[in-house]
>>> print(open('input35.csv').read())   # CSV, C-alpha atoms and all ligand atoms
chain,number,residue,atom,x,y,z
A,1,MET,CA,0.0,0.0,0.0
A,2,LEU,CA,1.5,3.3,-1.1
A,3,ARG,CA,0.9,6.5,0.8
A,4,ILE,CA,0.5,9.6,-1.4
A,5,VAL,CA,0.3,13.2,-0.3
A,6,VAL,CA,-1.6,15.6,-2.5
A,7,PRO,CA,-1.7,19.4,-2.0
A,8,LYS,CA,-5.2,20.7,-1.4
A,9,GLY,CA,-6.4,23.6,-3.5
A,10,ARG,CA,-6.1,24.5,-7.1
A,11,LEU,CA,-4.1,21.4,-8.1
A,12,GLU,CA,-6.1,18.9,-6.2
A,13,GLU,CA,-8.7,18.2,-8.9
A,14,LYS,CA,-6.2,17.8,-11.7
A,15,LEU,CA,-3.9,15.5,-9.6
A,16,THR,CA,-6.9,13.4,-8.5
A,17,GLU,CA,-7.9,13.1,-12.2
A,18,PHE,CA,-4.4,12.0,-13.2
A,19,LEU,CA,-4.4,9.4,-10.4
A,20,GLN,CA,-7.8,8.1,-11.7
A,21,ARG,CA,-6.5,7.9,-15.2
A,22,ALA,CA,-3.5,5.9,-13.9
A,23,GLY,CA,-6.0,3.4,-12.6
A,24,TYR,CA,-6.3,4.5,-8.9
A,25,PHE,CA,-10.0,5.0,-8.2
A,26,LEU,CA,-9.9,7.0,-5.0
A,27,GLN,CA,-12.9,6.9,-2.7
A,28,GLY,CA,-13.8,8.3,0.7
A,29,ASP,CA,-16.2,10.6,2.4
A,30,SER,CA,-13.5,12.6,4.0
A,31,SER,CA,-11.9,15.6,2.3
A,32,ILE,CA,-8.5,14.8,3.7
A,33,LEU,CA,-8.3,11.0,3.3
A,34,LYS,CA,-9.2,9.0,0.2
A,35,GLN,CA,-8.3,5.4,-0.6
A,36,SER,CA,-8.2,2.9,-3.4
A,37,LYS,CA,-7.2,-0.7,-3.4
A,38,ASP,CA,-3.4,0.1,-3.6
A,39,LEU,CA,-3.3,3.8,-2.3
A,40,ARG,CA,-3.9,5.8,0.7
A,41,CYS,CA,-4.1,9.4,-0.3
A,42,PHE,CA,-3.7,12.3,2.2
A,43,MET,CA,-4.9,15.8,1.1
A,44,THR,CA,-3.0,18.5,2.9
A,45,ARG,CA,-1.9,22.2,2.7
A,46,PRO,CA,0.7,22.6,0.0
A,47,PHE,CA,3.3,23.8,2.5
A,48,ASP,CA,2.9,20.7,4.6
A,49,VAL,CA,3.5,18.2,1.7
A,50,PRO,CA,7.3,17.9,2.3
A,51,THR,CA,6.8,17.3,6.0
A,52,TYR,CA,4.9,14.1,5.3
A,53,LEU,CA,7.7,12.8,3.1
A,54,VAL,CA,10.7,13.9,5.3
A,55,GLN,CA,9.0,12.4,8.4
A,56,GLY,CA,8.3,9.1,6.6
A,57,ALA,CA,4.5,9.4,6.8
A,58,ALA,CA,4.1,9.4,3.0
A,59,ASP,CA,6.0,7.6,0.2
A,60,ILE,CA,5.2,10.0,-2.7
A,61,GLY,CA,3.9,13.5,-3.0
A,62,PHE,CA,3.2,16.4,-5.3
A,63,CYS,CA,4.9,19.6,-4.5
A,64,GLY,CA,5.4,23.0,-6.2
A,65,THR,CA,8.8,24.5,-6.9
A,66,ASP,CA,7.8,27.4,-4.6
A,67,VAL,CA,7.3,25.1,-1.6
A,68,LEU,CA,10.5,23.1,-2.3
A,69,LEU,CA,12.6,26.2,-2.5
A,70,GLU,CA,11.0,28.0,0.4
A,71,ARG,CA,11.4,25.0,2.7
A,72,GLU,CA,14.9,24.3,1.3
A,73,ILE,CA,14.1,20.6,1.1
A,74,ASN,CA,15.8,18.1,-1.1
A,75,LEU,CA,13.8,15.1,-2.2
A,76,ILE,CA,14.0,12.7,-5.1
A,77,GLN,CA,12.1,14.4,-8.0
A,78,PRO,CA,11.5,12.0,-10.8
A,79,PHE,CA,9.4,14.2,-13.1
A,80,PHE,CA,7.1,17.2,-13.4
A,81,ILE,CA,3.3,17.2,-13.7
A,82,PRO,CA,2.3,19.7,-16.5
A,83,THR,CA,-0.1,22.4,-15.2
A,84,SER,CA,-1.0,25.9,-16.3
A,85,SER,CA,2.1,28.0,-15.6
A,86,SER,CA,2.2,30.1,-12.5
A,87,LYS,CA,5.1,32.3,-11.5
A,88,MET,CA,6.5,33.9,-8.4
A,89,VAL,CA,6.8,37.6,-9.0
A,90,LEU,CA,7.9,40.8,-7.4
A,91,ALA,CA,4.9,43.2,-7.7
A,92,GLY,CA,4.1,46.7,-6.7
A,93,PRO,CA,1.4,49.4,-7.1
A,94,ILE,CA,0.8,50.4,-10.8
A,95,GLY,CA,2.6,53.6,-11.7
A,96,LYS,CA,5.0,53.6,-8.8
A,97,ASP,CA,8.7,53.1,-9.2
A,98,LEU,CA,10.7,50.7,-7.1
A,99,PRO,CA,11.6,52.5,-3.8
A,100,ARG,CA,15.2,53.7,-3.9
A,101,GLY,CA,16.2,52.9,-0.3
A,102,GLU,CA,15.0,50.1,1.9
A,103,LYS,CA,12.3,48.1,0.3
A,104,SER,CA,9.6,46.6,2.5
A,105,ILE,CA,8.2,43.4,1.0
A,106,ALA,CA,5.2,41.3,2.2
A,107,THR,CA,5.2,37.7,1.3
A,108,LYS,CA,4.3,34.1,2.2
A,109,PHE,CA,7.8,33.1,1.0
A,110,PRO,CA,10.3,34.9,3.3
A,111,ASN,CA,13.2,32.6,2.5
A,112,ILE,CA,12.9,32.9,-1.3
A,113,THR,CA,12.4,36.7,-0.9
A,114,ARG,CA,15.5,37.0,1.2
A,115,ARG,CA,17.6,35.2,-1.3
A,116,TYR,CA,16.2,37.2,-4.1
A,117,CYS,CA,16.8,40.6,-2.3
A,118,GLU,CA,20.3,39.5,-1.5
A,119,SER,CA,21.0,38.6,-5.1
A,120,LYS,CA,20.0,42.1,-6.0
A,121,GLY,CA,22.1,43.7,-3.2
A,122,TRP,CA,19.1,45.5,-1.8
A,123,HIS,CA,18.4,46.9,1.6
A,124,TYR,CA,15.1,45.2,2.5
A,125,ARG,CA,12.6,44.3,5.2
A,126,ILE,CA,10.5,41.3,4.9
A,127,ILE,CA,7.0,41.2,6.3
A,128,SER,CA,5.9,37.6,6.6
A,129,LEU,CA,2.2,36.9,6.0
A,130,LYS,CA,0.1,33.8,5.8
A,131,GLY,CA,-2.3,35.0,3.1
A,132,SER,CA,-4.0,37.9,1.3
A,133,VAL,CA,-0.5,39.3,0.5
A,134,GLU,CA,-2.0,41.6,-2.2
A,135,LEU,CA,-3.6,43.6,0.6
A,136,ALA,CA,-0.3,44.7,2.1
A,137,PRO,CA,0.5,47.6,-0.3
A,138,ILE,CA,-3.1,48.9,-0.2
A,139,ALA,CA,-3.0,48.9,3.6
A,140,GLY,CA,0.4,50.6,3.7
A,141,LEU,CA,1.9,47.5,5.3
A,142,SER,CA,4.6,47.1,2.6
A,143,ASP,CA,5.9,48.8,-0.6
A,144,LEU,CA,6.0,45.6,-2.5
A,145,ILE,CA,4.9,42.0,-2.5
A,146,VAL,CA,6.4,38.7,-3.6
A,147,ASP,CA,3.6,36.4,-4.5
A,148,ILE,CA,2.4,33.8,-7.0
A,149,THR,CA,0.4,34.9,-10.0
A,150,GLU,CA,-1.3,32.6,-12.4
A,151,THR,CA,-4.0,34.4,-14.4
A,152,GLY,CA,-2.9,37.8,-13.2
A,153,ARG,CA,-6.4,38.5,-11.9
A,154,THR,CA,-5.5,39.0,-8.2
A,155,LEU,CA,-2.8,41.5,-9.1
A,156,ARG,CA,-5.1,43.4,-11.5
A,157,GLU,CA,-7.9,43.6,-9.0
A,158,ASN,CA,-5.6,45.1,-6.5
A,159,ASN,CA,-3.9,47.7,-8.8
A,160,LEU,CA,-0.6,45.9,-8.7
A,161,GLN,CA,1.8,45.2,-11.6
A,162,VAL,CA,4.6,42.7,-12.1
A,163,LEU,CA,8.1,44.3,-11.6
A,164,ASP,CA,10.2,41.2,-11.9
A,165,GLU,CA,9.7,37.4,-12.4
A,166,ILE,CA,11.5,35.5,-9.7
A,167,LEU,CA,10.7,31.9,-10.7
A,168,THR,CA,8.5,29.6,-12.8
A,169,ILE,CA,6.5,27.2,-10.6
A,170,ARG,CA,6.3,23.6,-11.7
A,171,ILE,CA,4.7,20.7,-9.9
A,172,HIS,CA,7.2,18.0,-9.0
A,173,THR,CA,6.6,14.4,-8.1
A,174,VAL,CA,8.6,13.9,-4.9
A,175,VAL,CA,9.7,10.6,-3.4
A,176,ASN,CA,10.6,9.7,0.2
A,177,THR,CA,14.3,8.4,0.0
A,178,VAL,CA,13.6,5.4,2.3
A,179,SER,CA,10.5,4.3,0.4
A,180,TYR,CA,12.5,4.5,-2.8
A,181,ARG,CA,14.7,1.7,-1.4
A,182,THR,CA,12.2,-0.3,0.7
A,183,LYS,CA,9.1,-0.1,-1.6
A,184,ARG,CA,11.1,0.3,-4.9
A,185,GLY,CA,8.8,-2.0,-7.0
A,186,GLU,CA,5.6,-0.3,-5.9
A,187,VAL,CA,7.1,3.2,-6.2
A,188,ILE,CA,8.4,2.6,-9.7
A,189,ASP,CA,5.2,1.0,-10.8
A,190,PHE,CA,3.2,4.0,-9.5
A,191,LEU,CA,5.5,6.5,-11.1
A,192,GLU,CA,5.5,4.7,-14.5
A,193,ARG,CA,1.7,4.6,-14.6
A,194,LEU,CA,1.5,8.2,-13.7
A,195,ARG,CA,4.2,9.2,-16.2
A,196,LYS,CA,2.3,7.4,-19.0
A,197,VAL,CA,-0.9,9.4,-18.1
A,198,VAL,CA,1.1,12.7,-18.0
A,199,GLU,CA,2.8,12.0,-21.3
A,200,ASP,CA,-0.6,11.1,-22.9
A,201,ALA,CA,-2.1,14.3,-21.6
A,202,GLU,CA,0.8,16.3,-23.0
A,203,ALA,CA,0.5,14.6,-26.4
A,204,GLN,CA,-3.1,15.5,-26.6
A,205,LYS,CA,-2.5,19.2,-26.0
A,206,PRO,CA,-2.9,21.4,-29.1
A,207,GLU,CA,0.5,22.2,-30.6
A,208,ARG,CA,1.9,25.6,-29.5
A,209,ARG,CA,2.8,28.0,-32.3
A,301,LIG,C1,-2.1,32.5,-5.0
A,301,LIG,C2,-1.6,33.9,-4.8
A,301,LIG,C3,-2.8,34.8,-5.2
A,301,LIG,C4,-3.4,34.0,-6.3
A,301,LIG,C5,-3.0,34.5,-7.7
A,301,LIG,O1,-2.8,32.1,-3.9
A,301,LIG,O2,-1.3,34.1,-3.4
A,301,LIG,O3,-3.6,35.1,-4.2
A,301,LIG,O4,-3.0,32.6,-6.2
A,301,LIG,O5,-3.7,33.8,-8.7
A,301,LIG,P1,-4.3,34.6,-10.0
A,301,LIG,O6,-3.1,35.3,-10.7
A,301,LIG,O7,-4.9,33.5,-10.9
A,301,LIG,O8,-5.3,35.5,-9.5
A,301,LIG,P2,-3.4,30.6,-3.9
A,301,LIG,O9,-4.7,30.5,-4.6
A,301,LIG,O10,-2.3,29.7,-4.5
A,301,LIG,O11,-3.6,30.2,-2.4
A,301,LIG,P3,-3.6,31.0,-1.0
A,301,LIG,O12,-4.2,32.3,-1.3
A,301,LIG,O13,-4.4,30.1,-0.2
A,301,LIG,O14,-2.2,31.0,-0.6
>>> encode(input="input35.csv", output="structure tokens")
Amino acid sequence: MLRIVVPKGRLEEKLTEFLQRAGYFLQGDSSILKQSKDLRCFMTRPFDVPTYLVQGAADIGFCGTDVLLEREINLIQPFFIPTSSSKMVLAGPIGKDLPRGEKSIATKFPNITRRYCESKGWHYRIISLKGSVELAPIAGLSDLIVDITETGRTLRENNLQVLDEILTIRIHTVVNTVSYRTKRGEVIDFLERLRKVVEDAEAQKPERR
């Protein structure tokens, strides 16, 4: 029995659909635990996915580049799951230049933001938030934000513009190092089935011009 950890939220439906297409028919009345004959599937907050793997409570998980870099965690990452592209960006109020001196930046990603500011050689102050980061410049809490944008809607609605792209976010399959040794057959079989589904989905996408 493999233990899989899936991030709740915008990717949950897509990942569950991929698992279904790979032959895992997950069932359960609970929104946090679903099972099939061969899988136990835990649904958790995206930021908590690596914890399940590192602590040995899950064998395989799905995790965004943002979470892996923020938590500075190294796990085996066999392949990516294609999703619509989201990016982590530096953003600020439309029409305002980058502040010249110290820059105050609100974010859910303090570690990534610190490394980014240091790479720029900026004087900076990070304001760590748990959500609704786009509110910070409106409320006068920060000059800038570092946040994820996908459709761009949240930024537009809050009169914010992208000032710089920090990273492209991809969804990685991540594997617990111990499970990779002790459940090798099951892990490889799961990954191969999933890889096939992912490749088929990619092949069916209309060609980009
Ligand atoms: C992210 C981000 C924005 C939103 C941007 O939050 O923090 O709020 O998505 O997406 P858009 O460009 O399509 O509007 P997410 O939904 O990942 O979750 P959270 O707010 O719970 O952190």
>>> residues_near_ligand(input="input35.csv", ligand="ligand LIG 301 (chain A)", cutoff="8 Å", atoms="all atoms listed in the file", output="PDB file with C-alpha atoms, in the coordinates of the input")
ATOM      1  CA  GLY A   9      -6.400  23.600  -3.500  1.00  0.00           C
ATOM      2  CA  ARG A  10      -6.100  24.500  -7.100  1.00  0.00           C
ATOM      3  CA  SER A  86       2.200  30.100 -12.500  1.00  0.00           C
ATOM      4  CA  LYS A 108       4.300  34.100   2.200  1.00  0.00           C
ATOM      5  CA  LYS A 130       0.100  33.800   5.800  1.00  0.00           C
ATOM      6  CA  GLY A 131      -2.300  35.000   3.100  1.00  0.00           C
ATOM      7  CA  SER A 132      -4.000  37.900   1.300  1.00  0.00           C
ATOM      8  CA  VAL A 133      -0.500  39.300   0.500  1.00  0.00           C
ATOM      9  CA  GLU A 134      -2.000  41.600  -2.200  1.00  0.00           C
ATOM     10  CA  ASP A 147       3.600  36.400  -4.500  1.00  0.00           C
ATOM     11  CA  ILE A 148       2.400  33.800  -7.000  1.00  0.00           C
ATOM     12  CA  THR A 149       0.400  34.900 -10.000  1.00  0.00           C
ATOM     13  CA  GLU A 150      -1.300  32.600 -12.400  1.00  0.00           C
ATOM     14  CA  THR A 151      -4.000  34.400 -14.400  1.00  0.00           C
ATOM     15  CA  GLY A 152      -2.900  37.800 -13.200  1.00  0.00           C
ATOM     16  CA  ARG A 153      -6.400  38.500 -11.900  1.00  0.00           C
ATOM     17  CA  THR A 154      -5.500  39.000  -8.200  1.00  0.00           C
ATOM     18  CA  LEU A 155      -2.800  41.500  -9.100  1.00  0.00           C
TER      19      LEU A 155
END
>>> atom_distance(input="input35.csv", atom1="atom CA of Thr44 of chain A", atom2="atom CA of Leu191 of chain A")
20.3 Å
>>> atom_distance(input="input35.csv", atom1="atom CA of Trp122 of chain A", atom2="atom CA of Lys103 of chain A")
7.6 Å
>>> residues_around(input="input35.csv", residues="Arg170 of chain A", least_positions_apart="5", cutoff="9 Å", atoms="only C-alpha atoms", output="VMD selection string")
chain A and resid 63 to 66 80 to 87
>>> closest_residue(input="input35.csv", among="A:Gln20, A:Ser31, A:Gln204, A:Ser36", to="Lys8 of chain A", atoms="only C-alpha atoms")
A:Ser31
>>> residues_around(input="input35.csv", residues="Asn176 of chain A", least_positions_apart="5", cutoff="10 Å", atoms="all atoms listed in the file", output="ChimeraX atom specification")
/A:50,52-61,74-77,181,187
>>> residues_near_point(input="input35.csv", point="(4.7, 37.8, -8.7)", cutoff="8 Å", atoms="only C-alpha atoms", output="PDB file with C-alpha atoms, in the frame of the given file")
ATOM      1  CA  LYS A  87       5.100  32.300 -11.500  1.00  0.00           C
ATOM      2  CA  MET A  88       6.500  33.900  -8.400  1.00  0.00           C
ATOM      3  CA  VAL A  89       6.800  37.600  -9.000  1.00  0.00           C
ATOM      4  CA  LEU A  90       7.900  40.800  -7.400  1.00  0.00           C
ATOM      5  CA  ALA A  91       4.900  43.200  -7.700  1.00  0.00           C
ATOM      6  CA  ILE A 145       4.900  42.000  -2.500  1.00  0.00           C
ATOM      7  CA  VAL A 146       6.400  38.700  -3.600  1.00  0.00           C
ATOM      8  CA  ASP A 147       3.600  36.400  -4.500  1.00  0.00           C
ATOM      9  CA  ILE A 148       2.400  33.800  -7.000  1.00  0.00           C
ATOM     10  CA  THR A 149       0.400  34.900 -10.000  1.00  0.00           C
ATOM     11  CA  VAL A 162       4.600  42.700 -12.100  1.00  0.00           C
ATOM     12  CA  LEU A 163       8.100  44.300 -11.600  1.00  0.00           C
ATOM     13  CA  ASP A 164      10.200  41.200 -11.900  1.00  0.00           C
ATOM     14  CA  GLU A 165       9.700  37.400 -12.400  1.00  0.00           C
ATOM     15  CA  ILE A 166      11.500  35.500  -9.700  1.00  0.00           C
TER      16      ILE A 166
END
>>> atom_distance(input="input35.csv", atom1="atom CA of Gln35 of chain A", atom2="atom CA of Glu202 of chain A")
26.5 Å
>>> closest_residue(input="input35.csv", among="A:Gly101, A:Tyr24, A:Lys120, A:Arg195", to="His172 of chain A", atoms="all atoms listed in the file")
A:Arg195
>>> closest_residue(input="input35.csv", among="A:Leu160, A:Val175, A:Leu194, A:Ile105", to="Arg3 of chain A", atoms="only C-alpha atoms")
A:Val175
>>> closest_residue(input="input35.csv", among="A:Ala139, A:Val5, A:Leu129, A:Met43", to="Phe62 of chain A", atoms="all atoms listed in the file")
A:Val5
>>> closest_residue(input="input35.csv", among="A:Lys96, A:Ala203, A:Arg45, A:Thr51", to="Leu11 of chain A", atoms="all atoms listed in the file")
A:Arg45
>>> closest_residue(input="input35.csv", among="A:Thr113, A:Thr107, A:Ser142, A:Ser128", to="Leu167 of chain A", atoms="all atoms listed in the file")
A:Thr113
>>> residues_around(input="input35.csv", residues="Asp143 of chain A", least_positions_apart="3", cutoff="8 Å", atoms="all atoms listed in the file", output="PyMOL selection string")
chain A and resi 92-93+99+103-105+136-137+140
